[in-house]
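Some notes on the structure that comes next.
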Amino acid sequence: MQKCPGATLFVIVVATGLATWLFSLIISHAVKIIIDENGEASWILRFIFTILGYTTVFLPCYVLIHLSRRHNLHTLGGCQWRLLRLILTGTTSEIVAETDGSVSGTVRPSNSESKSLYKKAISLCYCCVGLQVSYLLWGILQEKIMTREYADGDKTERFTDSQFLVFVNRILAFLFSGIYLLLTHQNIHRTPLYKYSFCSVSNTLSSWCQYEALKFVSFPTQVLAKSAKVIPVMLMGKLVSRAQYKNYEYATAVLISVGMTAFLLGSGGDKKGNNVTTASGALLLCGYLIFDSFTANWQSALFKEHKPSSIQMMCGVNLMSCLFTSASLIQQGGFFYSLSFAARHPIFIMDCLLTAISSALGQLFIFATISKFGPVVFTIIMTVRQGLSILLSCLLYKHHLSEMGILGVFIVFLAIFLRIYYAQQHKKRKLDSTDASASKV
């Protein structure tokens with residue numbers, strides 16, 4: 001097969017990138033004429049700009065991968081093709097060594113049947129507590145940055161660039177995971193780098209929708225929407241990885257969503273304006289649910305197919321997220337605006353750093369939970385977190401909790417108990433049938 005020269009490949013990729021960038025600028029100016037930048041629908045304008053910024057990275061990478069595969073360039077020797085092999089095969093080595101998929105330590109879960117229920121319970125509690133603490137802090141800081149007024153003398157202003165906050169969170173998480181990988185021994189990485197881009201885009205867009213939604217809906221309304229996330233996660237699981245769920249899993253997912261809805265409505269009805277929302281806010285919350293559901297299921301599929309460690313997954317996803325968000329920020333002038341805002345309000349820098357640290361720690365627990373227990377268990381943990389945060393608020397600040405709220409708490413914990421009980425019964429029946437088959441043989 002005729003090889004595509006490296007110089008020609010480089011020229012084609014760069015030309016594609018420049019053409020995409022130029023096209024994005026033209027579309028951006030055209031959309032500005034149609035949509036008012038200061039109206040309620042201005043988030044649509046920002047969303048289009050964000051997608052166009054991601055396209056300037058995504059399209060040249062697609063061309064690079066397509067031509068490299070077509071001409072087998074990733075099989076060539078030499079250090080100049082190491083990056084290409086990393087993108088296409090997940091390793092810089094010319095020959096990927098086969099492994100048994102096992103990882104020592106606590107990086108990845110063991111599939112051994114001898115692993116005790118006690119160890120699983122300890123591991124689940126560890127992930128659960130880590131997720132609760134890190135994301136409780138992250139939620140408080142997120143609301144503070146997007147809703148508070150930063151004072152500059154007699155003038156006050158709000159920070160409006162959600163994309164910059166996503167970028168800060170991702171770059172710190174990338175540095176955190178990258179340094180950890182350099183200092184520790186890991187199994188050979190075999191996940192093609194480009195496969196991280198799909199969940200990276202959905203992950204950054206879900207965070208973007210979450211930040212933008214706070215401009216249109218109250219924080220309790222956003223929490224209420226998240227409480228129903230377990231259902232779209234299961235539906236997305238069937239679509240992405242063809243996952244099969246038992247009837248009791250569907251039933252308990254519905255019960256958890258119903259219970260959380262009753263609890264949050266019962267605990268938030270005494271605050272004026274909590275139920276106020278807009279069409280824009282509702283659309284952004286729907287976008288968050290869709291993108292976040294895809295992210296968890298795609299990551300779970302990568303864990304099963306390529307078996308990366310949690311830290312490798314974290315590093316790969318955040319590397320791609322940094323590329324996407326930085327391209328979008330450069331195109332929109334977001335870096336200049338955000339750094340100027342930070343110069344005027346030094347306290348904003350501290351808020352960003354604390355948000356990024358809590359987000360990075362939270363991501364570590366997210367990848368560990370998904371790799372060990374799957375996306376549905378992770379979503380249930382995060383769903384319960386919403387209720388615990390509201391319950392803690394009721395206990396600390398003496399908020400009224402109505403009968404509906406108490407009923408909601410009961411339904412949620414009943415659903416969790418039923419899910420654990422039926423899961424154990426199903427596992428027991430499966431082991432009994434396996435033993436019966438083995439005895440016959």
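The way I read the labels, and the way they are meant: chains A, B, ... in the order of the structure tokens, residue 1 as the first residue of every chain, and ligand 1 as the first ligand shown, with later ones counted on from there.
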For A:Tyr288, work out the shell of residues within 8 Å, counting only C-alpha atoms and skipping chain neighbours fewer than 6 positions away, then give it as an NGL selection string.
-> :A and (205-207 or 209-210)
Take the residues from that selection and write them out as a PDB file, in the first residue's frame, keeping all heavy atoms.
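Saved file again09.pdb follows:
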ATOM      1  N   LEU A 205     -19.444  19.385  28.094  1.00  0.00           N
ATOM      2  CA  LEU A 205     -20.746  19.987  27.783  1.00  0.00           C
ATOM      3  C   LEU A 205     -21.730  19.827  28.945  1.00  0.00           C
ATOM      4  O   LEU A 205     -22.542  20.731  29.191  1.00  0.00           O
ATOM      5  CB  LEU A 205     -21.327  19.359  26.513  1.00  0.00           C
ATOM      6  CG  LEU A 205     -20.658  19.772  25.196  1.00  0.00           C
ATOM      7  CD1 LEU A 205     -21.281  19.036  24.017  1.00  0.00           C
ATOM      8  CD2 LEU A 205     -20.766  21.283  24.983  1.00  0.00           C
ATOM      9  N   SER A 206     -21.660  18.708  29.655  1.00  0.00           N
ATOM     10  CA  SER A 206     -22.544  18.550  30.816  1.00  0.00           C
ATOM     11  C   SER A 206     -22.182  19.564  31.900  1.00  0.00           C
ATOM     12  O   SER A 206     -23.072  20.157  32.527  1.00  0.00           O
ATOM     13  CB  SER A 206     -22.453  17.121  31.364  1.00  0.00           C
ATOM     14  OG  SER A 206     -21.197  16.867  31.950  1.00  0.00           O
ATOM     15  N   SER A 207     -20.877  19.783  32.116  1.00  0.00           N
ATOM     16  CA  SER A 207     -20.448  20.793  33.095  1.00  0.00           C
ATOM     17  C   SER A 207     -20.856  22.187  32.643  1.00  0.00           C
ATOM     18  O   SER A 207     -21.306  23.013  33.450  1.00  0.00           O
ATOM     19  CB  SER A 207     -18.930  20.730  33.294  1.00  0.00           C
ATOM     20  OG  SER A 207     -18.544  19.486  33.825  1.00  0.00           O
ATOM     21  N   CYS A 209     -23.417  23.003  30.695  1.00  0.00           N
ATOM     22  CA  CYS A 209     -24.877  23.142  30.872  1.00  0.00           C
ATOM     23  C   CYS A 209     -25.220  23.365  32.342  1.00  0.00           C
ATOM     24  O   CYS A 209     -26.130  24.137  32.671  1.00  0.00           O
ATOM     25  CB  CYS A 209     -25.592  21.894  30.364  1.00  0.00           C
ATOM     26  SG  CYS A 209     -25.616  21.719  28.565  1.00  0.00           S
ATOM     27  N   GLN A 210     -24.485  22.711  33.233  1.00  0.00           N
ATOM     28  CA  GLN A 210     -24.746  22.839  34.659  1.00  0.00           C
ATOM     29  C   GLN A 210     -24.447  24.257  35.134  1.00  0.00           C
ATOM     30  O   GLN A 210     -25.233  24.850  35.890  1.00  0.00           O
ATOM     31  CB  GLN A 210     -23.885  21.830  35.412  1.00  0.00           C
ATOM     32  CG  GLN A 210     -24.236  21.672  36.868  1.00  0.00           C
ATOM     33  CD  GLN A 210     -23.454  20.543  37.523  1.00  0.00           C
ATOM     34  OE1 GLN A 210     -22.639  19.900  36.887  1.00  0.00           O
ATOM     35  NE2 GLN A 210     -23.716  20.300  38.779  1.00  0.00           N
TER      36      GLN A 210
END
Tell me which protein, DNA and RNA residues are within 8 Å of stretch 145-154 of chain A, counting only C-alpha atoms, leaving out same-chain ones fewer than 5 positions away, and put them as a VMD selection string.
-> chain A and resid 159 to 160 211 214 to 215 344 to 345 348 351
Just the residues within 9 Å of A:Gly362, please, counting only C-alpha atoms, with nothing from its chain fewer than 4 positions along; format it as a PyMOL selection string.
-> chain A and resi 130-135+138+357-358+366-367
Select, from A:Val412, A:Arg429, A:Val384, A:Phe417, the residue with the minimum atom-to-atom distance to A:Cys128, counting only C-alpha atoms.
-> A:Val384
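Shortest separation to A:Lys119 among A:Asn203, A:Lys372, A:Leu239, A:Phe413 occurs at residue A:Lys372, atoms counted being only C-alpha atoms.
Here atom CA of A:Val240 is placed at a distance of 11.4 Å from atom CA of A:Cys199.
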Give me the residues within 10 Å of A:Ser197 as a PyMOL selection string, counting only C-alpha atoms and dropping any in the same chain fewer than 5 places off.
-> chain A and resi 58+61+192+202-203+316-321+323-324
With all heavy atoms kept, could you save the residues just selected as a CSV table (one decimal), in the first residue's frame?
chain,number,residue,atom,x,y,z
A,58,PHE,N,-11.7,18.6,16.9
A,58,PHE,CA,-12.2,17.3,16.6
A,58,PHE,C,-12.0,17.0,15.1
A,58,PHE,O,-11.6,15.9,14.8
A,58,PHE,CB,-13.7,17.3,16.9
A,58,PHE,CG,-14.3,15.9,17.1
A,58,PHE,CD1,-14.3,15.3,18.4
A,58,PHE,CD2,-14.8,15.2,16.1
A,58,PHE,CE1,-14.8,14.1,18.6
A,58,PHE,CE2,-15.3,13.9,16.3
A,58,PHE,CZ,-15.3,13.4,17.5
A,61,CYS,N,-8.4,16.1,14.0
A,61,CYS,CA,-8.0,14.9,14.6
A,61,CYS,C,-8.7,13.7,13.8
A,61,CYS,O,-8.1,12.7,13.6
A,61,CYS,CB,-8.5,14.8,16.1
A,61,CYS,SG,-7.4,15.8,17.1
A,192,PRO,N,-6.9,3.6,23.0
A,192,PRO,CA,-6.6,4.6,22.0
A,192,PRO,C,-7.0,6.0,22.5
A,192,PRO,O,-8.2,6.2,23.0
A,192,PRO,CB,-7.5,4.2,20.8
A,192,PRO,CG,-7.7,2.7,20.9
A,192,PRO,CD,-7.7,2.5,22.4
A,202,SER,N,-18.7,15.1,25.9
A,202,SER,CA,-19.9,15.1,26.7
A,202,SER,C,-19.8,15.5,28.1
A,202,SER,O,-20.6,16.2,28.7
A,202,SER,CB,-20.5,13.6,26.6
A,202,SER,OG,-19.6,12.7,27.2
A,203,ASN,N,-18.6,15.2,28.7
A,203,ASN,CA,-18.3,15.7,30.0
A,203,ASN,C,-18.2,17.2,30.2
A,203,ASN,O,-18.7,17.8,31.1
A,203,ASN,CB,-17.0,15.0,30.5
A,203,ASN,CG,-16.6,15.4,31.9
A,203,ASN,OD1,-15.7,16.1,32.2
A,203,ASN,ND2,-17.4,14.9,32.9
A,316,GLY,N,-6.5,10.7,30.6
A,316,GLY,CA,-6.8,10.8,29.2
A,316,GLY,C,-8.0,11.7,28.9
A,316,GLY,O,-8.0,12.5,28.0
A,317,VAL,N,-9.1,11.5,29.7
A,317,VAL,CA,-10.3,12.4,29.5
A,317,VAL,C,-10.0,13.8,29.7
A,317,VAL,O,-10.4,14.7,28.9
A,317,VAL,CB,-11.4,11.9,30.5
A,317,VAL,CG1,-12.6,12.9,30.4
A,317,VAL,CG2,-11.9,10.5,30.1
A,318,ASN,N,-9.2,14.2,30.8
A,318,ASN,CA,-8.9,15.6,31.0
A,318,ASN,C,-8.0,16.2,30.1
A,318,ASN,O,-8.0,17.4,29.8
A,318,ASN,CB,-8.4,15.7,32.5
A,318,ASN,CG,-9.5,15.6,33.5
A,318,ASN,OD1,-10.4,16.5,33.6
A,318,ASN,ND2,-9.6,14.5,34.2
A,319,LEU,N,-7.0,15.4,29.5
A,319,LEU,CA,-6.2,15.9,28.4
A,319,LEU,C,-7.0,16.3,27.2
A,319,LEU,O,-6.8,17.5,26.7
A,319,LEU,CB,-5.2,14.8,28.0
A,319,LEU,CG,-4.3,15.1,26.8
A,319,LEU,CD1,-3.5,16.3,27.0
A,319,LEU,CD2,-3.5,13.9,26.4
A,320,MET,N,-7.9,15.5,26.8
A,320,MET,CA,-8.8,15.9,25.7
A,320,MET,C,-9.7,17.0,26.0
A,320,MET,O,-9.9,17.9,25.2
A,320,MET,CB,-9.6,14.7,25.3
A,320,MET,CG,-8.8,13.4,24.8
A,320,MET,SD,-7.7,13.8,23.5
A,320,MET,CE,-8.8,14.3,22.2
A,321,SER,N,-10.2,17.1,27.3
A,321,SER,CA,-11.0,18.2,27.7
A,321,SER,C,-10.2,19.5,27.7
A,321,SER,O,-10.8,20.6,27.3
A,321,SER,CB,-11.5,18.0,29.1
A,321,SER,OG,-12.4,16.8,29.1
A,323,LEU,N,-7.8,20.3,25.6
A,323,LEU,CA,-7.6,20.6,24.2
A,323,LEU,C,-8.9,21.3,23.7
A,323,LEU,O,-8.8,22.3,23.0
A,323,LEU,CB,-7.2,19.4,23.4
A,323,LEU,CG,-5.9,18.8,23.6
A,323,LEU,CD1,-5.7,17.5,22.8
A,323,LEU,CD2,-4.8,19.8,23.3
A,324,PHE,N,-10.0,20.7,24.0
A,324,PHE,CA,-11.3,21.2,23.5
A,324,PHE,C,-11.6,22.6,24.1
A,324,PHE,O,-12.0,23.5,23.4
A,324,PHE,CB,-12.4,20.2,23.8
A,324,PHE,CG,-12.4,19.0,22.9
A,324,PHE,CD1,-12.4,17.7,23.5
A,324,PHE,CD2,-12.4,19.1,21.6
A,324,PHE,CE1,-12.3,16.6,22.7
A,324,PHE,CE2,-12.4,17.9,20.8
A,324,PHE,CZ,-12.4,16.7,21.3
Please, what distance in Å, to one decimal, runs between atom CA of A:Cys125 and atom CA of A:Met234?
->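 One can read the atom CA of A:Cys125 to atom CA of A:Met234 distance as 22.4 Å.
Shortest separation to A:Leu407 among A:Leu255, A:Thr55, A:Arg170, A:Gly17 occurs at residue A:Leu255, atoms counted being only C-alpha atoms.
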Where does DSSP see helix (DSSP H, G or I) in stretch 133-338 of chain A, if you list the residues as a VMD selection string?
-> chain A and resid 133 to 147 162 to 183 193 to 213 219 to 226 230 to 240 247 to 268 279 to 306 310 to 332 334 to 338
Hey, what does DSSP flag as strand (DSSP E) within stretch 131-179 of chain A? Can you give it to me as a count of residues only?
-> 6
One-decimal distance in Å that lies between atom CA of A:Ala213 and atom CA of A:Leu284 | 5.6 Å
